[in-house]
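This is upload_11.txt (compact mmCIF, C-alpha atoms and all ligand atoms).
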```txt
# COMPACT_ATOMS: atom_id res chain seq x y z
CA MET A 1 77.93 50.22 -20.68
CA ILE A 2 74.36 50.07 -21.99
CA GLY A 3 72.73 51.28 -25.21
CA LEU A 4 69.47 53.21 -25.43
CA LEU A 5 67.39 53.18 -28.59
CA GLY A 6 64.26 55.29 -28.52
CA GLY A 7 61.62 55.07 -31.20
CA THR A 8 57.94 55.02 -31.87
CA PHE A 9 58.26 51.36 -32.96
CA ASP A 10 54.94 51.69 -34.79
CA PRO A 11 55.50 48.78 -35.42
CA ILE A 12 58.91 47.33 -34.48
CA HIS A 13 60.66 45.81 -37.53
CA TYR A 14 63.91 44.16 -38.59
CA GLY A 15 65.49 47.57 -39.35
CA HIS A 16 65.34 48.28 -35.60
CA LEU A 17 66.14 44.78 -34.38
CA ARG A 18 69.10 43.85 -36.58
CA THR A 19 70.81 47.23 -36.15
CA ALA A 20 70.28 47.18 -32.38
CA LEU A 21 71.96 43.78 -32.23
CA ASP A 22 74.78 45.04 -34.49
CA VAL A 23 75.48 47.88 -32.03
CA GLN A 24 75.17 45.66 -28.96
CA GLN A 25 77.71 43.20 -30.35
CA ALA A 26 80.11 45.78 -31.84
CA LEU A 27 80.40 47.63 -28.53
CA ALA A 28 79.98 44.58 -26.26
CA LEU A 29 77.15 46.40 -24.47
CA SER A 30 75.60 44.54 -21.58
CA GLU A 31 72.20 45.34 -23.03
CA ILE A 32 70.30 47.61 -25.35
CA ARG A 33 67.17 49.15 -23.99
CA LEU A 34 64.45 49.79 -26.53
CA ILE A 35 62.47 52.77 -25.28
CA PRO A 36 59.08 53.19 -26.93
CA LEU A 37 58.02 56.84 -26.96
CA ALA A 38 54.63 57.75 -25.56
CA ASP A 39 53.91 60.81 -27.66
CA PRO A 40 57.02 62.03 -29.48
CA PRO A 41 57.33 65.84 -29.51
CA HIS A 42 58.79 65.97 -33.03
CA ARG A 43 56.25 63.99 -35.06
CA THR A 44 52.56 63.21 -35.48
CA ALA A 45 50.88 60.76 -33.11
CA PRO A 46 51.58 57.03 -33.71
CA SER A 47 48.85 54.90 -35.29
CA CYS A 48 48.66 52.42 -32.41
CA SER A 49 48.26 53.01 -28.70
CA PRO A 50 51.40 52.86 -26.56
CA GLU A 51 50.13 49.59 -25.05
CA GLN A 52 49.69 48.00 -28.48
CA ARG A 53 53.15 49.09 -29.64
CA LEU A 54 54.60 47.82 -26.39
CA ALA A 55 52.93 44.41 -26.80
CA LEU A 56 54.42 44.09 -30.31
CA LEU A 57 57.86 45.00 -28.95
CA GLN A 58 57.56 42.39 -26.20
CA THR A 59 56.81 39.74 -28.79
CA ALA A 60 59.76 40.86 -30.95
CA VAL A 61 62.43 40.64 -28.24
CA ALA A 62 61.02 37.77 -26.19
CA ASP A 63 63.87 35.40 -27.02
CA GLU A 64 66.75 37.91 -27.33
CA PRO A 65 68.36 38.61 -23.94
CA GLY A 66 70.56 41.42 -25.34
CA LEU A 67 67.49 43.54 -26.15
CA VAL A 68 65.27 44.68 -23.31
CA ILE A 69 62.32 47.04 -23.16
CA ASP A 70 62.33 50.14 -20.99
CA GLN A 71 58.77 51.33 -20.45
CA ARG A 72 59.46 54.56 -18.59
CA GLU A 73 58.40 56.97 -21.34
CA ILE A 74 55.12 55.15 -21.87
CA LEU A 75 54.49 55.01 -18.12
CA ARG A 76 55.21 58.71 -17.80
CA GLY A 77 52.93 59.44 -20.78
CA GLY A 78 52.51 62.69 -22.68
CA LYS A 79 55.34 64.52 -24.37
CA THR A 80 58.69 63.24 -23.27
CA TYR A 81 62.18 64.60 -23.81
CA THR A 82 65.25 62.41 -24.19
CA LEU A 83 67.02 64.55 -21.61
CA ASP A 84 64.45 63.66 -18.92
CA THR A 85 64.68 59.97 -19.80
CA LEU A 86 68.47 60.03 -19.58
CA ARG A 87 68.35 61.81 -16.23
CA SER A 88 65.95 59.21 -14.88
CA ILE A 89 68.08 56.27 -16.11
CA LYS A 90 71.26 57.89 -14.79
CA GLN A 91 69.66 58.34 -11.40
CA GLU A 92 68.81 54.63 -11.26
CA THR A 93 72.17 53.42 -12.58
CA PRO A 94 74.72 56.15 -11.77
CA ASP A 95 77.76 53.95 -12.49
CA GLU A 96 76.61 52.82 -15.92
CA THR A 97 77.96 54.53 -19.03
CA LEU A 98 75.05 55.36 -21.34
CA CYS A 99 75.18 55.27 -25.14
CA LEU A 100 72.31 56.93 -26.94
CA ILE A 101 71.86 55.23 -30.32
CA LEU A 102 70.63 57.29 -33.28
CA GLY A 103 70.24 56.79 -36.99
CA SER A 104 72.28 59.29 -39.01
CA ASP A 105 69.07 61.10 -40.02
CA ALA A 106 68.11 61.56 -36.39
CA PHE A 107 71.65 62.70 -35.61
CA ASN A 108 71.42 65.40 -38.28
CA GLY A 109 68.53 66.90 -36.37
CA PHE A 110 70.12 66.36 -32.95
CA PRO A 111 71.33 69.99 -32.49
CA ASN A 112 67.66 71.05 -32.58
CA TRP A 113 66.61 68.65 -29.82
CA HIS A 114 65.77 69.91 -26.34
CA LYS A 115 69.08 70.88 -24.67
CA PRO A 116 71.50 68.73 -26.69
CA GLU A 117 74.53 69.94 -24.69
CA LEU A 118 73.00 68.58 -21.50
CA ILE A 119 72.25 65.26 -23.23
CA LEU A 120 75.94 65.07 -24.13
CA GLN A 121 76.83 65.47 -20.45
CA LEU A 122 74.90 62.30 -19.67
CA ALA A 123 75.54 59.98 -22.62
CA HIS A 124 77.76 59.17 -25.56
CA LEU A 125 76.08 59.16 -28.97
CA VAL A 126 76.40 56.17 -31.28
CA VAL A 127 75.41 57.16 -34.83
CA MET A 128 74.33 54.24 -36.99
CA GLN A 129 75.63 54.75 -40.50
CA ARG A 130 75.90 53.12 -43.87
CA PRO A 131 79.28 51.43 -44.39
CA GLY A 132 81.66 54.08 -45.80
CA GLU A 133 79.31 57.00 -45.09
CA PRO A 134 81.29 60.19 -44.32
CA ASP A 135 81.50 61.46 -40.75
CA PRO A 136 78.60 63.57 -39.50
CA LEU A 137 79.04 67.28 -40.16
CA HIS A 138 78.49 68.59 -36.64
CA TYR A 139 80.18 67.86 -33.30
CA HIS A 140 83.49 67.23 -35.12
CA ASP A 141 85.51 67.74 -31.95
CA ARG A 142 83.57 64.96 -30.23
CA ILE A 143 83.91 62.28 -32.92
CA THR A 144 85.93 59.12 -32.31
CA HIS A 145 86.21 55.95 -34.36
CA GLN A 146 87.59 53.89 -31.47
CA SER A 147 84.84 52.20 -29.51
CA ALA A 148 87.29 51.70 -26.62
CA ASP A 149 87.33 55.51 -26.16
CA LEU A 150 83.73 55.32 -24.91
CA LEU A 151 85.04 53.63 -21.78
CA THR A 152 87.57 56.38 -21.05
CA LYS A 153 84.98 59.15 -20.63
CA GLU A 154 81.65 59.16 -18.90
CA ALA A 155 79.80 60.91 -21.75
CA GLY A 156 80.03 63.35 -24.63
CA LEU A 157 81.73 61.38 -27.43
CA VAL A 158 80.17 60.67 -30.82
CA LEU A 159 80.94 57.28 -32.38
CA PRO A 160 79.88 56.68 -36.01
CA LEU A 161 79.25 52.94 -36.44
CA ALA A 162 78.48 51.07 -39.66
CA VAL A 163 75.47 48.76 -39.31
CA THR A 164 73.56 46.40 -41.57
CA GLN A 165 71.58 48.36 -44.14
CA LEU A 166 67.93 47.38 -44.29
CA GLU A 167 65.60 49.65 -46.25
CA ILE A 168 62.68 49.05 -43.93
CA SER A 169 60.47 51.68 -42.36
CA ALA A 170 57.43 51.44 -40.14
CA THR A 171 55.72 53.93 -42.46
CA ARG A 172 56.04 51.52 -45.39
CA ILE A 173 54.81 48.59 -43.28
CA ARG A 174 51.74 50.55 -42.18
CA GLN A 175 51.13 51.54 -45.80
CA MET A 176 51.32 47.93 -46.99
CA LEU A 177 48.91 46.78 -44.30
CA ARG A 178 46.43 49.52 -45.25
CA GLN A 179 46.67 48.44 -48.88
CA GLY A 180 46.12 44.79 -48.01
CA LEU A 181 49.71 43.85 -48.97
CA SER A 182 51.80 41.51 -46.86
CA PRO A 183 54.82 43.03 -45.06
CA ARG A 184 56.11 39.52 -44.29
CA TYR A 185 59.93 39.24 -43.93
CA LEU A 186 60.21 42.93 -43.03
CA LEU A 187 59.37 42.17 -39.41
CA PRO A 188 59.22 39.02 -37.24
CA ASP A 189 56.43 36.59 -38.15
CA ALA A 190 55.18 36.56 -34.55
CA VAL A 191 54.81 40.36 -34.62
CA LEU A 192 52.96 40.22 -37.94
CA LYS A 193 50.64 37.53 -36.61
CA GLN A 194 49.79 39.72 -33.63
CA ILE A 195 49.12 42.69 -35.95
CA ILE A 196 46.78 40.61 -38.10
CA ASP A 197 45.05 38.92 -35.15
CA GLN A 198 44.36 42.32 -33.58
CA GLN A 199 43.62 44.01 -36.91
CA LEU A 200 46.12 46.77 -36.28
CA TYR A 201 47.08 49.32 -38.96
CA GLN A 202 44.46 47.96 -41.32
CA SER A 203 42.41 51.07 -41.92
CA SER A 204 43.63 54.62 -42.33
P1 LIG B 301 58.45 55.65 -39.16
O1 LIG B 301 58.55 55.10 -40.55
O2 LIG B 301 57.09 55.50 -38.54
O3 LIG B 301 58.99 57.06 -39.05
P2 LIG B 301 60.80 54.12 -38.35
O4 LIG B 301 60.72 52.83 -39.07
O5 LIG B 301 61.78 55.14 -38.88
O6 LIG B 301 59.35 54.75 -38.19
P3 LIG B 301 61.28 54.74 -35.55
O7 LIG B 301 60.53 54.11 -34.45
O8 LIG B 301 60.98 56.15 -35.87
O9 LIG B 301 61.10 53.80 -36.85
O10 LIG B 301 62.84 54.57 -35.36
C1 LIG B 301 63.49 54.45 -34.14
C2 LIG B 301 64.99 54.47 -34.38
O11 LIG B 301 65.36 53.39 -35.25
C3 LIG B 301 65.49 55.75 -35.08
O12 LIG B 301 66.72 56.12 -34.48
C4 LIG B 301 65.69 55.33 -36.52
O13 LIG B 301 66.73 56.08 -37.14
C5 LIG B 301 66.08 53.87 -36.38
N1 LIG B 301 65.68 53.08 -37.55
C6 LIG B 301 64.45 52.94 -38.06
N2 LIG B 301 64.45 52.15 -39.15
C7 LIG B 301 65.73 51.78 -39.34
C8 LIG B 301 66.42 50.95 -40.32
N3 LIG B 301 65.75 50.36 -41.33
N4 LIG B 301 67.75 50.80 -40.19
C9 LIG B 301 68.41 51.41 -39.19
N5 LIG B 301 67.85 52.17 -38.21
C10 LIG B 301 66.53 52.37 -38.30
```
Could you show the structure in this file as structure tokens?
Amino acid sequence: MIGLLGGTFDPIHYGHLRTALDVQQALALSEIRLIPLADPPHRTAPSCSPEQRLALLQTAVADEPGLVIDQREILRGGKTYTLDTLRSIKQETPDETLCLILGSDAFNGFPNWHKPELILQLAHLVVMQRPGEPDPLHYHDRITHQSADLLTKEAGLVLPLAVTQLEISATRIRQMLRQGLSPRYLLPDAVLKQIIDQQLYQSS
């Protein structure tokens, strides 16, 4: 069973990294694939090029074997839909159970994604929550709290999972950099060094 975490990662930070590791360990996933989006359909264009965001990601996960980078959306370029990405991964690894990992905010908007019912035919959803947060309001009939259930079906279950709460966002990091403030300790030092060396995010 593998986990898939898509994001703009503009830039990658500890909110992504710690929670990804939480999910990997809680579900004993063989790996979590971080999938940087090329040009997300649902938001404005990222501040850095796909190649720059990818380089920062590579630095962030270099010494963590449980987190790997899947470049397919960047290689495909343009607008990409999660459904197409899942189909492509499923084609390559047909025997692998896929778990799509979402923050609870992203899950709230999930019914409006492109063909959510088809996504649920290809993957389980793992919804990262605050400890004690109530169950999501939609897809009630799909919710389970037993991670072992994910192994009994190929796809279509929704597992709410409490993860470490870190109030970190890439938006705030970009803002700090623009204002000349240090975002140190919100993201790995090696990633910050790369941002500073390459003068990324430093003007609006
Ligand atoms: P931005 O501020 O630019 O919108 P972001 O920090 O929210 O970016 P994304 O790349 O959009 O990062 O997020 C990718 C995934 O990681 C999403 O599913 C999002 O819910 C999740 N995520 C982002 N930040 C955190 C965090 N601090 N804790 C838990 N999950 C997070």
- Please identify every polymer residue within 7 Å of ligand LIG 301 (chain B), using only C-alpha atoms and all ligand atoms, and present the set as a list in words.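 My answer, listing the contacting residues, is Leu5, Gly6, Gly7, Thr8, Phe9, Asp10, Ile12, Gly15, His16, Thr19, Ile101, Leu102, Gly103, Ser104, Asp105, Ala106, Met128, Gln165, Leu166, Glu167, Ile168, Ser169, Ala170, Thr171 and Arg172 of chain A.
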- Would you please work out which residue, of A:Ala162, A:Ile196, A:Leu83, A:Ile32, is nearest to Leu17 (chain A) when using all atoms listed in the file?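 With all atoms listed in the file as the atom set, the closest residue is A:Ile32.
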Please enclose the listed atoms of region 101-108 of chain A in an axis-aligned box, pad each side by 4 Å, and write out the centre and the three edge lengths in Å, rounded to one decimal, as JSON.
```
{"center_x": 70.2, "center_y": 60.3, "center_z": -35.2, "size_x": 12.2, "size_y": 18.2, "size_z": 17.7}
```
- Quick one: distance from CA of Leu120 (chain A) to CA of Gly156 (chain A) in Å, one decimal?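 Computing the Euclidean distance for CA of Leu120 (chain A) and CA of Gly156 (chain A) yields 4.5 Å.
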- With only C-alpha atoms as the basis for distance, which of A:Gly3, A:Pro160, A:Gly78, A:Pro188 is at the shortest distance from Arg130 (chain A)?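 Of A:Gly3, A:Pro160, A:Gly78, A:Pro188, the one nearest Arg130 (chain A), counting only C-alpha atoms, is A:Pro160.
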- Task: Go through A:Leu37, A:Ala20, A:Leu56, A:Leu118 one by one, measure the shortest atom-to-atom distance of each to Asp197 (chain A) using all atoms listed in the file, and give the residue with the smallest value.
- Result: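 Using all atoms listed in the file, the shortest distance to Asp197 (chain A) belongs to A:Leu56.
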- Query: What gap, in Å, lies between CA of Thr152 (chain A) and CA of Leu4 (chain A)?
  - Reply: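 Separation between CA of Thr152 (chain A) and CA of Leu4 (chain A): 18.9 Å.
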- Item | Using all atoms listed in the file: which of A:Ser30, A:Gln121, A:Gln71, A:Gln58 has the shortest distance to Lys153 (chain A) |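 Closest residue, counting all atoms listed in the file: A:Gln121.
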- Message: Under the rule that all atoms listed in the file are counted, which of A:Ser49, A:Gln198, A:Thr59, A:Thr85 is the nearest residue to His13 (chain A)?
- Response: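 Distance minimum relative to His13 (chain A) lands on A:Thr59.
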- Query: How far is it from CA of Cys48 (chain A) to CA of Tyr81 (chain A), in Å with one decimal?
  - Reply: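 Going from CA of Cys48 (chain A) over to CA of Tyr81 (chain A), I get 20.1 Å.
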- Item | Residue contacts of Lys90 (chain A) (12 Å, only C-alpha atoms) excluding same-chain residues fewer than 4 positions away, as number ranges by chain | A: 1-2, 4, 83-86, 94-99, 119, 121-123, 154-155
- Task: Please check which residues have atoms at most 7 Å from (62.0, 56.2, -14.5) in the file's coordinates, counting only C-alpha atoms, and write them as number ranges by chain.
- Result: A: 72, 88-89
- Query: Out of A:Asn112, A:Leu159, A:Leu57, A:Arg184, which residue has the shortest atom-to-atom distance to Asp135 (chain A) when counting all atoms listed in the file?
  - Reply: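 Among A:Asn112, A:Leu159, A:Leu57, A:Arg184, it is A:Leu159 that comes nearest to Asp135 (chain A).
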- Task: Pull the neighbourhood of (81.0, 47.1, -31.9) for me: all residues within 10 Å in file coordinates, counting all atoms listed in the file, as a list in words.
- Result: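 Final list of nearby residues, as requested, is Leu21, Asp22, Val23, Gln24, Gln25, Ala26, Leu27, Ala28, Leu29, Gln146, Ser147, Ala148, Leu161, Ala162 and Val163 of chain A.
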